[in-house]
Amino acid sequence: AQPLWSVNVQDDVVAGIGFDGATVAVATTRNQLVAAANGQVLWRAQLPARTYTQPLVAGGRVFVLLADQRVSAFDASNGAPLWTQRYVGEPLVLAHPGLLVAVGNALVVGVGERLVAMNPDNGQAAWDVPLAQSRGVDGVERLVDLVSEPAVIGSVVCARAFQAAVSC
């Protein structure tokens with residue numbers, strides 16, 4: 001099979017690739033979010049922190065979950081920032097892909113031990129549920145980031161947390 005197109009993002013890709021069938025988005029080691037289509041870089045945006053989670057491209061937007069527990073949305077066509085929500089939690093995070101997925105009309109994000117469903121238009125939380133409880137005396141022992149794509153069955157959402165069990 002021959003590639004349809006390729007593009008040089010001029011840096012190493014740090015997380016997986018987001019793709020909606022038209023636009024590809026990647027995050028680089030220099031904390032840049034790069035969007036491309038049809039063999040051309042569409043835009044670049046400088047991220048304020050590293051990400052370990054692949055960008056999500058959906059509904060004409062590119063969503064990113066940053067290691068400092070910020071979630072941001074960008075216009076997929078031109079890279080204009082649309083909104084950012086910041087969550088406060090434990091200062092340590094895993095250098096591992098987190099949870100960022102579209103479920104129905106919601107953006108479902110793992111922020112620390114919490115599972116948050118956000119309105120993709122403005123970032124407002126529709127619901128916010130703790131799925132795991134941190135335990136321990138230091139930051140490493142208390143680390144419980146959500147680390148897997150959720151399983152969705154009807155109105156039930158299940159996810160796994162680092163150092164904890166699966167919760168729904």
# chains A, B, ... in the order shown; residues from 1 in each chain; ligands from 1
$ residues_around --residues "Pro130 of chain A" --least-positions-apart "3" --cutoff "10 Å" --atoms "only C-alpha atoms" --output "VMD selection string"
chain A and resid 110 to 116 133 167 to 168
$ atom_distance --atom1 "atom CA of Gly16 of chain A" --atom2 "atom CA of Gly154 of chain A"
27.4 Å
$ select_by_dssp --residues "chain A" --states "strand (DSSP E)" --output "VMD selection string"
chain A and resid 18 to 19 24 to 27 32 to 37 40 to 46 56 to 58 61 to 65 70 to 75 81 to 86 100 to 103 106 to 111 114 to 118 125 to 130 151 to 153 156 to 160 166 to 167
$ select_by_dssp --residues "chain A" --states "alpha helix (DSSP H)" --output "list in words"
Gly139, Val140, Glu141 and Arg142 of chain A
$ atom_distance --atom1 "atom CA of Ala125 of chain A" --atom2 "atom CA of Val14 of chain A"
27.4 Å
$ residues_around --residues "segment 28-35 of chain A" --least-positions-apart "5" --cutoff "10 Å" --atoms "only C-alpha atoms" --output "compact mmCIF listing (two decimals) with C-alpha atoms, in the first residue's frame"
# COMPACT_ATOMS: atom_id res chain seq x y z
CA VAL A 9 6.39 18.31 11.38
CA GLN A 10 10.08 19.24 11.98
CA ASP A 11 10.22 17.60 15.41
CA ASP A 12 9.65 14.26 17.12
CA VAL A 13 6.06 13.32 17.85
CA VAL A 14 5.57 12.86 21.59
CA ALA A 15 2.06 11.35 21.72
CA GLY A 16 -0.10 9.42 19.29
CA GLY A 18 -5.34 12.33 16.30
CA PHE A 19 -7.32 11.98 13.05
CA THR A 23 -7.24 16.51 9.69
CA GLN A 40 0.30 20.36 4.14
CA VAL A 41 0.82 21.74 7.64
CA LEU A 42 -2.31 23.78 8.36
CA TRP A 43 -1.13 25.43 11.56
CA ARG A 44 1.06 25.17 14.66
CA ALA A 45 0.16 26.21 18.19
CA GLN A 46 2.60 26.47 21.08
CA LEU A 47 1.30 24.51 24.07
CA PRO A 48 2.06 25.83 27.57
CA ALA A 49 2.94 22.35 28.88
CA ARG A 50 3.80 18.85 27.68
CA THR A 51 1.18 16.33 26.71
CA TYR A 52 1.44 12.55 26.83
CA PRO A 55 -4.81 14.93 20.47
CA VAL A 57 -9.77 15.67 16.43
CA VAL A 62 -8.62 19.67 18.14
CA PHE A 63 -8.63 18.86 21.86
CA VAL A 64 -5.52 18.34 24.00
CA LEU A 66 -1.87 18.65 29.01
CA PHE A 74 -8.47 24.67 19.09
CA ALA A 76 -9.16 22.53 13.50
CA SER A 77 -9.10 24.76 10.41
CA ASN A 78 -6.87 27.57 11.67
CA GLY A 79 -5.56 26.71 15.17
$ residues_around --residues "Tyr87 of chain A" --least-positions-apart "2" --cutoff "8 Å" --atoms "only C-alpha atoms" --output "ChimeraX atom specification"
/A:69-70,85,89,111
$ write_last_selection --atoms "all heavy atoms" --output "PDB file, in the first residue's frame"
ATOM      1  N   GLN A  69      -2.750  19.273  33.759  1.00  0.00           N
ATOM      2  CA  GLN A  69      -4.185  19.077  33.971  1.00  0.00           C
ATOM      3  C   GLN A  69      -5.040  20.195  33.384  1.00  0.00           C
ATOM      4  O   GLN A  69      -6.100  20.525  33.891  1.00  0.00           O
ATOM      5  CB  GLN A  69      -4.492  18.842  35.450  1.00  0.00           C
ATOM      6  CG  GLN A  69      -3.779  17.612  35.963  1.00  0.00           C
ATOM      7  CD  GLN A  69      -4.137  17.249  37.369  1.00  0.00           C
ATOM      8  OE1 GLN A  69      -4.838  17.963  38.074  1.00  0.00           O
ATOM      9  NE2 GLN A  69      -3.651  16.104  37.813  1.00  0.00           N
ATOM     10  N   ARG A  70      -4.583  20.744  32.273  1.00  0.00           N
ATOM     11  CA  ARG A  70      -5.386  21.663  31.476  1.00  0.00           C
ATOM     12  C   ARG A  70      -5.936  20.889  30.287  1.00  0.00           C
ATOM     13  O   ARG A  70      -5.278  20.008  29.749  1.00  0.00           O
ATOM     14  CB  ARG A  70      -4.546  22.809  30.924  1.00  0.00           C
ATOM     15  CG  ARG A  70      -4.394  23.958  31.861  1.00  0.00           C
ATOM     16  CD  ARG A  70      -3.687  25.084  31.188  1.00  0.00           C
ATOM     17  NE  ARG A  70      -2.279  24.997  31.541  1.00  0.00           N
ATOM     18  CZ  ARG A  70      -1.415  25.981  31.364  1.00  0.00           C
ATOM     19  NH1 ARG A  70      -1.787  27.111  30.811  1.00  0.00           N
ATOM     20  NH2 ARG A  70      -0.162  25.833  31.719  1.00  0.00           N
ATOM     21  N   GLN A  85      -9.689  24.806  30.056  1.00  0.00           N
ATOM     22  CA  GLN A  85     -10.144  24.566  31.428  1.00  0.00           C
ATOM     23  C   GLN A  85      -8.966  23.984  32.204  1.00  0.00           C
ATOM     24  O   GLN A  85      -8.280  23.095  31.718  1.00  0.00           O
ATOM     25  CB  GLN A  85     -11.311  23.586  31.471  1.00  0.00           C
ATOM     26  CG  GLN A  85     -12.598  24.119  30.920  1.00  0.00           C
ATOM     27  CD  GLN A  85     -13.211  25.196  31.800  1.00  0.00           C
ATOM     28  OE1 GLN A  85     -12.923  25.318  32.981  1.00  0.00           O
ATOM     29  NE2 GLN A  85     -14.058  26.018  31.195  1.00  0.00           N
ATOM     30  N   GLY A  89      -5.125  19.402  40.999  1.00  0.00           N
ATOM     31  CA  GLY A  89      -5.027  18.071  41.589  1.00  0.00           C
ATOM     32  C   GLY A  89      -3.622  17.827  42.068  1.00  0.00           C
ATOM     33  O   GLY A  89      -2.853  18.758  42.324  1.00  0.00           O
ATOM     34  N   VAL A 111      -8.910  13.458  34.567  1.00  0.00           N
ATOM     35  CA  VAL A 111      -8.124  14.506  35.220  1.00  0.00           C
ATOM     36  C   VAL A 111      -7.779  14.008  36.612  1.00  0.00           C
ATOM     37  O   VAL A 111      -8.631  14.003  37.495  1.00  0.00           O
ATOM     38  CB  VAL A 111      -8.904  15.833  35.301  1.00  0.00           C
ATOM     39  CG1 VAL A 111      -8.040  16.909  35.911  1.00  0.00           C
ATOM     40  CG2 VAL A 111      -9.403  16.260  33.930  1.00  0.00           C
TER      41      VAL A 111
END
$ atom_distance --atom1 "atom CA of Ala159 of chain A" --atom2 "atom CA of Ala67 of chain A"
18.7 Å
$ decode --residues "segment 103-134 of chain A" --atoms "N, CA and C atoms" --output "compact mmCIF listing (two decimals), in the first residue's frame"
# COMPACT_ATOMS: atom_id res chain seq x y z
N VAL A 103 -17.49 10.86 23.73
CA VAL A 103 -18.54 9.90 24.07
C VAL A 103 -19.86 10.61 23.83
N GLY A 104 -20.55 10.21 22.76
CA GLY A 104 -21.78 10.91 22.38
C GLY A 104 -21.44 12.35 22.05
N ASN A 105 -22.13 13.29 22.67
CA ASN A 105 -21.88 14.71 22.45
C ASN A 105 -21.01 15.33 23.53
N ALA A 106 -20.27 14.50 24.26
CA ALA A 106 -19.42 15.00 25.34
C ALA A 106 -17.96 14.67 25.08
N LEU A 107 -17.10 15.49 25.63
CA LEU A 107 -15.66 15.25 25.65
C LEU A 107 -15.38 14.67 27.03
N VAL A 108 -14.98 13.41 27.10
CA VAL A 108 -14.73 12.75 28.37
C VAL A 108 -13.23 12.72 28.62
N VAL A 109 -12.82 13.25 29.79
CA VAL A 109 -11.42 13.47 30.10
C VAL A 109 -11.11 12.89 31.47
N GLY A 110 -9.95 12.25 31.58
CA GLY A 110 -9.44 11.82 32.88
C GLY A 110 -8.54 12.90 33.43
N VAL A 111 -8.91 13.46 34.57
CA VAL A 111 -8.12 14.51 35.22
C VAL A 111 -7.78 14.01 36.61
N GLY A 112 -6.54 13.53 36.79
CA GLY A 112 -6.17 12.93 38.06
C GLY A 112 -7.03 11.70 38.27
N GLU A 113 -7.69 11.63 39.41
CA GLU A 113 -8.56 10.48 39.72
C GLU A 113 -9.99 10.68 39.26
N ARG A 114 -10.29 11.81 38.61
CA ARG A 114 -11.66 12.14 38.25
C ARG A 114 -11.92 11.93 36.76
N LEU A 115 -13.13 11.54 36.47
CA LEU A 115 -13.62 11.43 35.10
C LEU A 115 -14.58 12.59 34.90
N VAL A 116 -14.28 13.42 33.89
CA VAL A 116 -15.05 14.64 33.67
C VAL A 116 -15.64 14.60 32.26
N ALA A 117 -16.95 14.85 32.15
CA ALA A 117 -17.60 15.00 30.85
C ALA A 117 -17.75 16.49 30.61
N MET A 118 -17.17 16.96 29.50
CA MET A 118 -17.17 18.38 29.20
C MET A 118 -18.00 18.68 27.96
N ASN A 119 -18.57 19.86 27.92
CA ASN A 119 -19.23 20.36 26.72
C ASN A 119 -18.11 20.74 25.74
N PRO A 120 -18.02 20.10 24.57
CA PRO A 120 -16.92 20.41 23.66
C PRO A 120 -16.98 21.82 23.07
N ASP A 121 -18.10 22.48 23.18
CA ASP A 121 -18.23 23.84 22.65
C ASP A 121 -17.60 24.90 23.54
N ASN A 122 -17.61 24.66 24.88
CA ASN A 122 -17.11 25.70 25.78
C ASN A 122 -16.26 25.16 26.94
N GLY A 123 -16.12 23.85 27.07
CA GLY A 123 -15.30 23.28 28.13
C GLY A 123 -15.97 23.15 29.48
N GLN A 124 -17.22 23.58 29.59
CA GLN A 124 -17.91 23.48 30.88
C GLN A 124 -18.20 22.02 31.23
N ALA A 125 -18.03 21.67 32.49
CA ALA A 125 -18.25 20.30 32.95
C ALA A 125 -19.74 20.00 33.04
N ALA A 126 -20.16 18.91 32.42
CA ALA A 126 -21.53 18.42 32.55
C ALA A 126 -21.63 17.55 33.79
N TRP A 127 -20.59 16.75 34.02
CA TRP A 127 -20.47 16.00 35.26
C TRP A 127 -19.01 15.73 35.54
N ASP A 128 -18.72 15.47 36.83
CA ASP A 128 -17.36 15.30 37.30
C ASP A 128 -17.43 14.27 38.43
N VAL A 129 -16.84 13.09 38.21
CA VAL A 129 -16.99 11.99 39.16
C VAL A 129 -15.62 11.45 39.55
N PRO A 130 -15.32 11.34 40.85
CA PRO A 130 -14.07 10.67 41.25
C PRO A 130 -14.19 9.17 41.02
N LEU A 131 -13.22 8.57 40.31
CA LEU A 131 -13.25 7.14 40.04
C LEU A 131 -12.28 6.36 40.90
N ALA A 132 -11.34 7.03 41.51
CA ALA A 132 -10.36 6.35 42.37
C ALA A 132 -10.02 7.30 43.51
N GLN A 133 -9.47 6.73 44.55
CA GLN A 133 -9.09 7.54 45.70
C GLN A 133 -7.59 7.39 45.92
N SER A 134 -6.92 8.52 46.03
CA SER A 134 -5.48 8.46 46.24
C SER A 134 -5.20 8.07 47.69
